[in-house]
>>> print(open('work12.txt').read())   # compact mmCIF, C-alpha atoms and all ligand atoms
# COMPACT_ATOMS: atom_id res chain seq x y z
CA MET A 1 30.05 -24.07 -20.80
CA LYS A 2 27.00 -24.79 -18.64
CA TYR A 3 24.12 -22.32 -18.74
CA LEU A 4 21.07 -22.13 -16.50
CA VAL A 5 17.96 -20.30 -17.74
CA PHE A 6 15.29 -18.91 -15.40
CA GLY A 7 11.97 -18.01 -17.05
CA ALA A 8 12.65 -20.67 -19.70
CA THR A 9 8.93 -21.29 -20.29
CA GLY A 10 8.35 -17.56 -20.93
CA ASN A 11 8.68 -15.21 -23.88
CA ILE A 12 12.38 -14.33 -23.67
CA GLY A 13 13.79 -17.21 -21.62
CA SER A 14 12.41 -19.81 -24.06
CA ARG A 15 14.10 -18.04 -26.96
CA VAL A 16 17.43 -17.83 -25.14
CA ALA A 17 17.26 -21.52 -24.17
CA GLN A 18 16.48 -22.42 -27.81
CA ARG A 19 19.39 -20.29 -29.08
CA LEU A 20 21.75 -22.04 -26.68
CA ILE A 21 20.46 -25.43 -27.88
CA ASP A 22 20.88 -24.35 -31.51
CA SER A 23 24.48 -23.37 -30.77
CA GLY A 24 25.19 -26.91 -29.58
CA ALA A 25 24.93 -26.31 -25.83
CA ARG A 26 22.75 -28.29 -23.45
CA PRO A 27 21.33 -25.66 -21.09
CA SER A 28 19.66 -26.31 -17.77
CA VAL A 29 16.29 -24.71 -17.05
CA PHE A 30 14.83 -23.84 -13.65
CA VAL A 31 11.07 -24.17 -14.06
CA ARG A 32 7.90 -24.62 -12.06
CA SER A 33 6.48 -27.09 -14.57
CA ALA A 34 8.54 -29.92 -16.07
CA LYS A 35 5.63 -30.62 -18.43
CA ARG A 36 5.85 -27.13 -19.96
CA ALA A 37 9.63 -27.37 -20.28
CA LYS A 38 9.39 -30.80 -21.95
CA ALA A 39 6.75 -29.53 -24.37
CA LEU A 40 9.10 -26.71 -25.42
CA PHE A 41 12.50 -28.39 -25.46
CA GLY A 42 11.95 -32.16 -25.39
CA ASP A 43 15.03 -33.82 -23.91
CA GLN A 44 17.46 -31.14 -25.11
CA VAL A 45 17.71 -29.45 -21.68
CA ASP A 46 18.36 -30.53 -18.11
CA ILE A 47 15.27 -29.70 -16.09
CA HIS A 48 15.41 -28.44 -12.49
CA ILE A 49 12.05 -28.05 -10.81
CA GLY A 50 11.63 -25.17 -8.38
CA ASP A 51 9.73 -22.02 -7.53
CA LEU A 52 11.68 -18.81 -6.91
CA GLU A 53 9.02 -17.75 -4.41
CA ASN A 54 10.22 -20.54 -2.16
CA PRO A 55 13.23 -22.23 -3.75
CA GLY A 56 14.54 -24.25 -0.79
CA PRO A 57 17.41 -26.57 -1.76
CA SER A 58 16.28 -26.65 -5.44
CA LEU A 59 18.18 -23.43 -6.23
CA ALA A 60 21.58 -24.48 -4.84
CA LYS A 61 21.20 -27.84 -6.59
CA ALA A 62 20.45 -26.22 -9.95
CA LEU A 63 23.51 -23.94 -9.63
CA VAL A 64 26.10 -26.72 -9.27
CA GLY A 65 28.65 -26.50 -12.11
CA VAL A 66 26.89 -23.57 -13.81
CA ASP A 67 29.01 -20.97 -15.64
CA GLY A 68 26.34 -18.50 -16.76
CA ILE A 69 22.74 -17.64 -15.87
CA LEU A 70 19.91 -15.93 -17.69
CA LEU A 71 17.73 -14.42 -14.97
CA VAL A 72 14.13 -13.45 -15.78
CA THR A 73 12.00 -12.39 -12.81
CA ASP A 74 8.85 -10.31 -12.56
CA GLY A 75 6.66 -8.40 -10.11
CA SER A 76 7.01 -5.37 -7.86
CA ASP A 77 9.09 -7.44 -5.42
CA LEU A 78 11.38 -8.97 -8.05
CA GLU A 79 14.39 -7.61 -6.11
CA LYS A 80 13.86 -10.47 -3.63
CA ARG A 81 14.23 -13.11 -6.34
CA ASP A 82 17.15 -11.31 -8.05
CA ARG A 83 18.88 -11.13 -4.66
CA ALA A 84 18.24 -14.80 -3.83
CA VAL A 85 19.53 -16.05 -7.18
CA SER A 86 22.57 -13.76 -7.43
CA PHE A 87 23.78 -14.38 -3.87
CA ALA A 88 23.29 -18.14 -4.31
CA ALA A 89 25.11 -17.91 -7.66
CA SER A 90 27.99 -16.00 -6.11
CA HIS A 91 28.20 -18.59 -3.32
CA ALA A 92 28.19 -21.44 -5.87
CA GLY A 93 30.98 -19.84 -7.92
CA VAL A 94 28.82 -19.11 -10.97
CA GLY A 95 30.77 -16.88 -13.37
CA HIS A 96 28.11 -14.57 -14.77
CA VAL A 97 24.47 -13.49 -14.41
CA VAL A 98 22.62 -11.89 -17.32
CA LYS A 99 19.51 -10.16 -15.99
CA LEU A 100 16.59 -9.23 -18.22
CA SER A 101 15.95 -5.67 -17.03
CA THR A 102 14.20 -2.67 -18.54
CA LEU A 103 15.27 0.55 -20.24
CA ASP A 104 12.92 2.27 -17.80
CA VAL A 105 15.53 1.81 -15.05
CA ARG A 106 17.08 4.96 -16.58
CA THR A 107 13.91 7.05 -16.22
CA ALA A 108 12.36 5.41 -13.12
CA ILE A 109 9.10 4.98 -15.08
CA GLY A 110 6.70 2.03 -14.64
CA THR A 111 8.59 -1.10 -13.60
CA GLY A 112 11.93 0.77 -13.76
CA PRO A 113 12.30 1.18 -9.98
CA TRP A 114 11.59 -2.56 -9.42
CA HIS A 115 14.37 -3.53 -11.81
CA ALA A 116 16.73 -0.86 -10.43
CA GLN A 117 16.44 -2.58 -7.04
CA GLY A 118 17.04 -5.96 -8.68
CA GLU A 119 20.15 -4.64 -10.44
CA ASP A 120 21.45 -3.21 -7.14
CA ALA A 121 20.98 -6.58 -5.43
CA ILE A 122 22.96 -8.32 -8.17
CA ARG A 123 25.77 -5.74 -7.91
CA GLU A 124 25.85 -6.32 -4.15
CA SER A 125 26.18 -10.09 -4.62
CA GLY A 126 29.58 -9.60 -6.27
CA VAL A 127 28.79 -11.94 -9.19
CA ALA A 128 29.78 -10.69 -12.67
CA PHE A 129 26.69 -9.34 -14.40
CA THR A 130 25.20 -7.95 -17.59
CA PHE A 131 21.90 -6.08 -17.47
CA ILE A 132 19.76 -6.21 -20.60
CA GLN A 133 17.84 -2.93 -20.40
CA ALA A 134 15.19 -3.61 -23.01
CA ALA A 135 12.57 -1.22 -24.37
CA GLY A 136 8.91 -2.31 -24.45
CA PHE A 137 8.44 -5.62 -26.25
CA MET A 138 6.69 -5.79 -29.65
CA SER A 139 4.85 -8.80 -28.26
CA ASN A 140 2.99 -6.45 -25.88
CA ALA A 141 0.93 -5.65 -28.98
CA LEU A 142 -0.70 -9.09 -28.64
CA SER A 143 -2.80 -7.51 -25.87
CA TRP A 144 -4.56 -5.52 -28.63
CA SER A 145 -5.58 -8.66 -30.52
CA GLU A 146 -9.12 -9.01 -29.15
CA SER A 147 -10.29 -5.46 -29.95
CA ILE A 148 -8.55 -5.57 -33.33
CA ARG A 149 -10.11 -8.94 -34.19
CA ARG A 150 -13.58 -7.96 -33.04
CA GLU A 151 -13.78 -4.25 -33.89
CA GLY A 152 -10.71 -3.30 -35.93
CA VAL A 153 -9.67 -0.91 -33.13
CA LEU A 154 -6.58 -0.38 -30.98
CA ARG A 155 -7.46 1.66 -27.86
CA SER A 156 -4.72 3.27 -25.79
CA SER A 157 -3.94 6.26 -23.56
CA THR A 158 -0.62 6.88 -25.33
CA GLY A 159 -1.99 9.63 -27.62
CA GLY A 160 0.48 10.57 -30.37
CA GLY A 161 3.50 9.63 -28.23
CA LYS A 162 6.04 7.17 -29.61
CA ILE A 163 8.05 4.20 -28.35
CA ALA A 164 10.64 1.98 -30.08
CA PHE A 165 9.27 -1.47 -29.23
CA ILE A 166 11.83 -4.25 -29.64
CA HIS A 167 11.34 -7.72 -31.16
CA PRO A 168 11.69 -10.52 -28.55
CA ASP A 169 14.17 -12.28 -30.88
CA ASP A 170 16.47 -9.24 -30.71
CA ILE A 171 16.36 -9.31 -26.91
CA ALA A 172 17.14 -13.03 -26.94
CA ALA A 173 20.00 -12.51 -29.42
CA VAL A 174 21.58 -9.83 -27.21
CA ALA A 175 21.10 -11.88 -24.03
CA THR A 176 22.60 -15.00 -25.66
CA ALA A 177 25.58 -13.03 -27.01
CA SER A 178 26.17 -11.60 -23.52
CA LEU A 179 26.09 -15.08 -21.99
CA THR A 180 28.25 -16.83 -24.51
CA THR A 181 30.90 -14.17 -25.30
CA ARG A 182 31.26 -12.51 -21.85
CA ASP A 183 32.11 -9.36 -23.86
CA TYR A 184 29.58 -7.25 -21.95
CA ASP A 185 30.39 -8.12 -18.33
CA GLY A 186 29.74 -5.21 -15.99
CA GLN A 187 27.59 -3.41 -18.57
CA ALA A 188 23.96 -2.33 -18.78
CA LEU A 189 22.95 -2.73 -22.43
CA ALA A 190 20.24 -0.31 -23.57
CA ILE A 191 18.42 -1.97 -26.47
CA THR A 192 15.41 -0.81 -28.49
CA GLY A 193 13.71 -1.49 -31.79
CA PRO A 194 14.82 0.40 -34.91
CA GLU A 195 12.41 3.34 -34.67
CA ALA A 196 9.99 4.99 -32.30
CA LEU A 197 6.39 4.60 -33.53
CA SER A 198 3.10 5.91 -32.19
CA TYR A 199 0.38 3.38 -31.36
CA GLY A 200 -1.54 4.82 -34.33
CA GLU A 201 1.39 3.96 -36.60
CA MET A 202 1.56 0.45 -35.13
CA ALA A 203 -2.21 0.08 -35.75
CA VAL A 204 -1.59 0.94 -39.42
CA ALA A 205 1.26 -1.63 -39.57
CA ILE A 206 -0.98 -4.37 -38.15
CA GLY A 207 -3.70 -3.34 -40.61
CA ARG A 208 -1.21 -3.74 -43.48
CA ALA A 209 -0.20 -7.17 -42.17
CA ILE A 210 -3.80 -8.46 -41.98
CA GLY A 211 -5.07 -6.66 -45.08
CA LYS A 212 -7.76 -4.75 -43.13
CA PRO A 213 -7.57 -1.23 -41.71
CA VAL A 214 -7.07 -0.91 -37.93
CA ARG A 215 -8.18 2.32 -36.24
CA PHE A 216 -6.43 3.98 -33.31
CA GLU A 217 -8.75 5.33 -30.61
CA GLU A 218 -7.43 7.44 -27.75
CA ILE A 219 -8.70 6.74 -24.23
CA THR A 220 -8.02 8.52 -20.92
CA ASP A 221 -5.65 7.30 -18.20
CA GLY A 222 -8.73 6.49 -16.08
CA GLN A 223 -10.24 4.35 -18.85
CA ALA A 224 -6.90 2.63 -19.44
CA TYR A 225 -6.61 1.86 -15.71
CA ALA A 226 -10.15 0.48 -15.52
CA ARG A 227 -9.54 -1.80 -18.52
CA THR A 228 -6.20 -3.00 -17.11
CA VAL A 229 -7.66 -3.78 -13.69
CA GLU A 230 -10.10 -6.15 -15.43
CA TRP A 231 -7.26 -8.59 -16.27
CA ALA A 232 -4.37 -7.55 -13.99
CA GLY A 233 -6.32 -6.63 -10.85
CA LYS A 234 -5.78 -3.47 -8.81
CA GLY A 235 -2.25 -2.83 -7.61
CA ALA A 236 1.33 -2.04 -8.52
CA TYR A 237 1.30 -3.72 -11.93
CA ALA A 238 -1.78 -1.84 -13.23
CA ASP A 239 -0.33 1.42 -11.84
CA ALA A 240 2.99 0.73 -13.58
CA LEU A 241 1.34 0.10 -16.95
CA VAL A 242 -0.70 3.32 -16.81
CA ASP A 243 2.49 5.16 -15.78
CA ILE A 244 4.31 3.75 -18.83
CA TRP A 245 1.49 4.72 -21.24
CA ARG A 246 1.39 8.25 -19.77
CA ALA A 247 5.16 8.53 -20.24
CA VAL A 248 4.80 7.41 -23.87
CA ARG A 249 2.13 10.08 -24.42
CA GLU A 250 4.42 12.73 -22.90
CA SER A 251 7.32 11.67 -25.17
CA ARG A 252 9.43 10.48 -22.24
CA LEU A 253 9.94 6.96 -23.63
CA ASP A 254 10.87 7.56 -27.27
CA THR A 255 14.56 6.63 -26.92
CA VAL A 256 16.14 4.76 -29.83
CA THR A 257 19.55 3.13 -29.35
CA ASP A 258 21.91 1.25 -31.68
CA GLY A 259 22.49 -1.45 -29.02
CA VAL A 260 21.12 -4.37 -31.08
CA LYS A 261 23.32 -3.45 -34.08
CA GLN A 262 26.40 -2.98 -31.90
CA ILE A 263 25.98 -6.37 -30.24
CA THR A 264 24.52 -8.59 -32.98
CA GLY A 265 26.07 -6.88 -36.02
CA ARG A 266 22.67 -6.54 -37.72
CA GLU A 267 19.83 -4.04 -37.68
CA PRO A 268 17.03 -4.62 -35.15
CA ILE A 269 13.85 -6.22 -36.54
CA PRO A 270 11.19 -3.65 -37.54
CA PHE A 271 7.62 -3.67 -36.16
CA ASP A 272 6.30 -4.31 -39.70
CA GLN A 273 8.01 -7.71 -39.67
CA TRP A 274 6.71 -8.57 -36.20
CA ALA A 275 3.19 -7.69 -37.39
CA VAL A 276 3.49 -10.02 -40.41
CA GLU A 277 4.84 -12.85 -38.25
CA ASN A 278 1.93 -12.43 -35.82
CA ALA A 279 -0.84 -11.55 -38.27
CA SER A 280 -2.89 -14.64 -37.37
CA SER A 281 -3.31 -13.32 -33.81
CA PHE A 282 -5.18 -10.30 -35.17
CA GLN A 283 -7.41 -12.06 -37.73
N1 LIG A 301 6.93 -6.52 -21.69
C1 LIG A 301 7.74 -5.48 -21.79
O1 LIG A 301 7.50 -4.54 -22.55
C2 LIG A 301 9.02 -5.47 -20.99
C3 LIG A 301 9.98 -4.48 -21.27
C4 LIG A 301 11.19 -4.49 -20.56
C5 LIG A 301 11.40 -5.46 -19.58
N2 LIG A 301 10.43 -6.39 -19.31
C6 LIG A 301 10.69 -7.38 -18.27
O2 LIG A 301 10.76 -8.67 -18.83
C7 LIG A 301 10.43 -9.62 -17.83
C8 LIG A 301 9.35 -10.57 -18.37
O3 LIG A 301 9.94 -11.36 -19.36
P1 LIG A 301 9.09 -12.36 -20.28
O4 LIG A 301 8.12 -11.54 -21.08
O5 LIG A 301 10.00 -13.29 -20.96
O6 LIG A 301 8.25 -13.10 -19.17
P2 LIG A 301 7.05 -14.10 -19.30
O7 LIG A 301 6.84 -14.54 -20.71
O8 LIG A 301 5.91 -13.54 -18.50
O9 LIG A 301 7.64 -15.35 -18.51
C9 LIG A 301 7.90 -15.34 -17.14
C10 LIG A 301 8.70 -16.58 -16.82
O10 LIG A 301 9.08 -16.57 -15.43
C11 LIG A 301 8.67 -17.78 -14.84
N3 LIG A 301 8.35 -17.57 -13.45
C12 LIG A 301 7.45 -16.69 -12.94
N4 LIG A 301 7.42 -16.77 -11.61
C13 LIG A 301 8.32 -17.74 -11.26
C14 LIG A 301 8.73 -18.30 -10.04
N5 LIG A 301 8.21 -17.89 -8.87
N6 LIG A 301 9.67 -19.30 -10.03
C15 LIG A 301 10.20 -19.72 -11.20
N7 LIG A 301 9.86 -19.22 -12.41
C16 LIG A 301 8.92 -18.24 -12.43
C17 LIG A 301 7.45 -18.22 -15.64
O11 LIG A 301 7.24 -19.60 -15.47
P3 LIG A 301 5.80 -20.31 -15.59
O12 LIG A 301 5.75 -20.87 -16.99
O13 LIG A 301 5.86 -21.38 -14.55
O14 LIG A 301 4.74 -19.28 -15.31
C18 LIG A 301 7.91 -17.85 -17.05
O15 LIG A 301 8.79 -18.82 -17.56
C19 LIG A 301 9.91 -8.83 -16.62
O16 LIG A 301 10.96 -8.68 -15.69
C20 LIG A 301 9.57 -7.50 -17.24
O17 LIG A 301 9.60 -6.43 -16.31
C21 LIG A 301 9.26 -6.42 -20.00
>>> encode(input="work12.txt", output="structure tokens")
Amino acid sequence: MKYLVFGATGNIGSRVAQRLIDSGARPSVFVRSAKRAKALFGDQVDIHIGDLENPGPSLAKALVGVDGILLVTDGSDLEKRDRAVSFAASHAGVGHVVKLSTLDVRTAIGTGPWHAQGEDAIRESGVAFTFIQAAGFMSNALSWSESIRREGVLRSSTGGGKIAFIHPDDIAAVATASLTTRDYDGQALAITGPEALSYGEMAVAIGRAIGKPVRFEEITDGQAYARTVEWAGKGAYADALVDIWRAVRESRLDTVTDGVKQITGREPIPFDQWAVENASSFQ
């Protein structure tokens, strides 16, 4: 089987590409930078250079002979890229598109509406699909590393609200199983970590992992927005993040599912383990 991975230099796509390689496949990757792809995968992948903002003939070329796609796109206009890839895939006779989506499609919170539009575009294309509706990623916690390193503090507007962050490896395992087994065609898979935790509880877990206490400090939505604008700029993405944190605070994002167990046959990885694996980022 021939697989093509979009977002292969990113958090989830790189893990899916590596899992495919480990299973004996030779995936193709559609990347903006051959150098980054080579640094990650050496000569174990076929590299197609292109930019989904303006793919030109690179997209159709990359799709020749492909059976299954992992599609990772981002941004408030991601529907455009999901539409372009899925219609081109349908035209090229690709069997299956696995889209990395979000659990927030179900609640229309944060980036949920962006991904809902992307999912609709893929349905319209007629290609067989699986949507991976993932909860917030544990790796989002890396954005707390600077304040934890410098001050031993995690600041957030999430109050005592909880969310069941999921380990990126669990997302990759579910996405790879969807691609390789085709058992989940036509489904939207809701996957979360094993338990909903407050940001205060995650601060304690990181403190345990680094052997130093980490304090949780509540900030307002306005403060959270101002801090986010510093690195993300004003606009839809900063608005979406503040929306997500507010929803966490109001206990609208504390869903826990057994999706990872159902699909992989094992329990999802707990936040404690993620914190130990990533302790050096907080020290
Ligand atoms: N973080 C969360 O809590 C969360 C939860 C649920 C769902 N999601 C969804 O997960 C997705 C992000 O996944 P991720 O964390 O794996 O992403 P990531 O690490 O930010 O990687 C993004 C990938 O997309 C590639 N890319 C970006 N623009 C491109 C373009 N125009 N043409 C070709 N490739 C392009 C990047 O390539 P370069 O290396 O060239 O930049 C990179 O490989 C988003 O759709 C997000 O909404 C996130």
>>> residues_around(input="work12.txt", residues="Gly160 (chain A)", least_positions_apart="2", cutoff="9 Å", atoms="only C-alpha atoms", output="list in words")
Thr158, Lys162, Leu197, Ser198, Tyr199, Gly200, Glu218, Val248, Arg249, Glu250 and Ser251 of chain A
>>> axis_aligned_box(input="work12.txt", around="ligand LIG 301 (chain A)", padding_each_side="6 Å", output="AutoDock Vina command-line options")
--center_x 8.1 --center_y -12.9 --center_z -15.7 --size_x 18.7 --size_y 28.9 --size_z 25.7
>>> closest_residue(input="work12.txt", among="A:Leu241, A:Leu20, A:Val256, A:Ala60", to="ligand LIG 301 (chain A)", atoms="only C-alpha atoms and all ligand atoms")
A:Leu241
>>> atom_distance(input="work12.txt", atom1="CA of Ala173 (chain A)", atom2="CA of Ile206 (chain A)")
24.1 Å
>>> atom_distance(input="work12.txt", atom1="CA of Glu277 (chain A)", atom2="CA of Gly211 (chain A)")
13.5 Å
>>> atom_distance(input="work12.txt", atom1="CA of Ser23 (chain A)", atom2="atom P2 of ligand LIG 301 (chain A)")
22.8 Å
>>> closest_residue(input="work12.txt", among="A:Leu63, A:Leu70, A:Ile219, A:Ile263", to="ligand LIG 301 (chain A)", atoms="all atoms listed in the file")
A:Leu70
>>> closest_residue(input="work12.txt", among="A:Val98, A:Ala8, A:Ile109, A:Ala247", to="Ala39 (chain A)", atoms="all atoms listed in the file")
A:Ala8
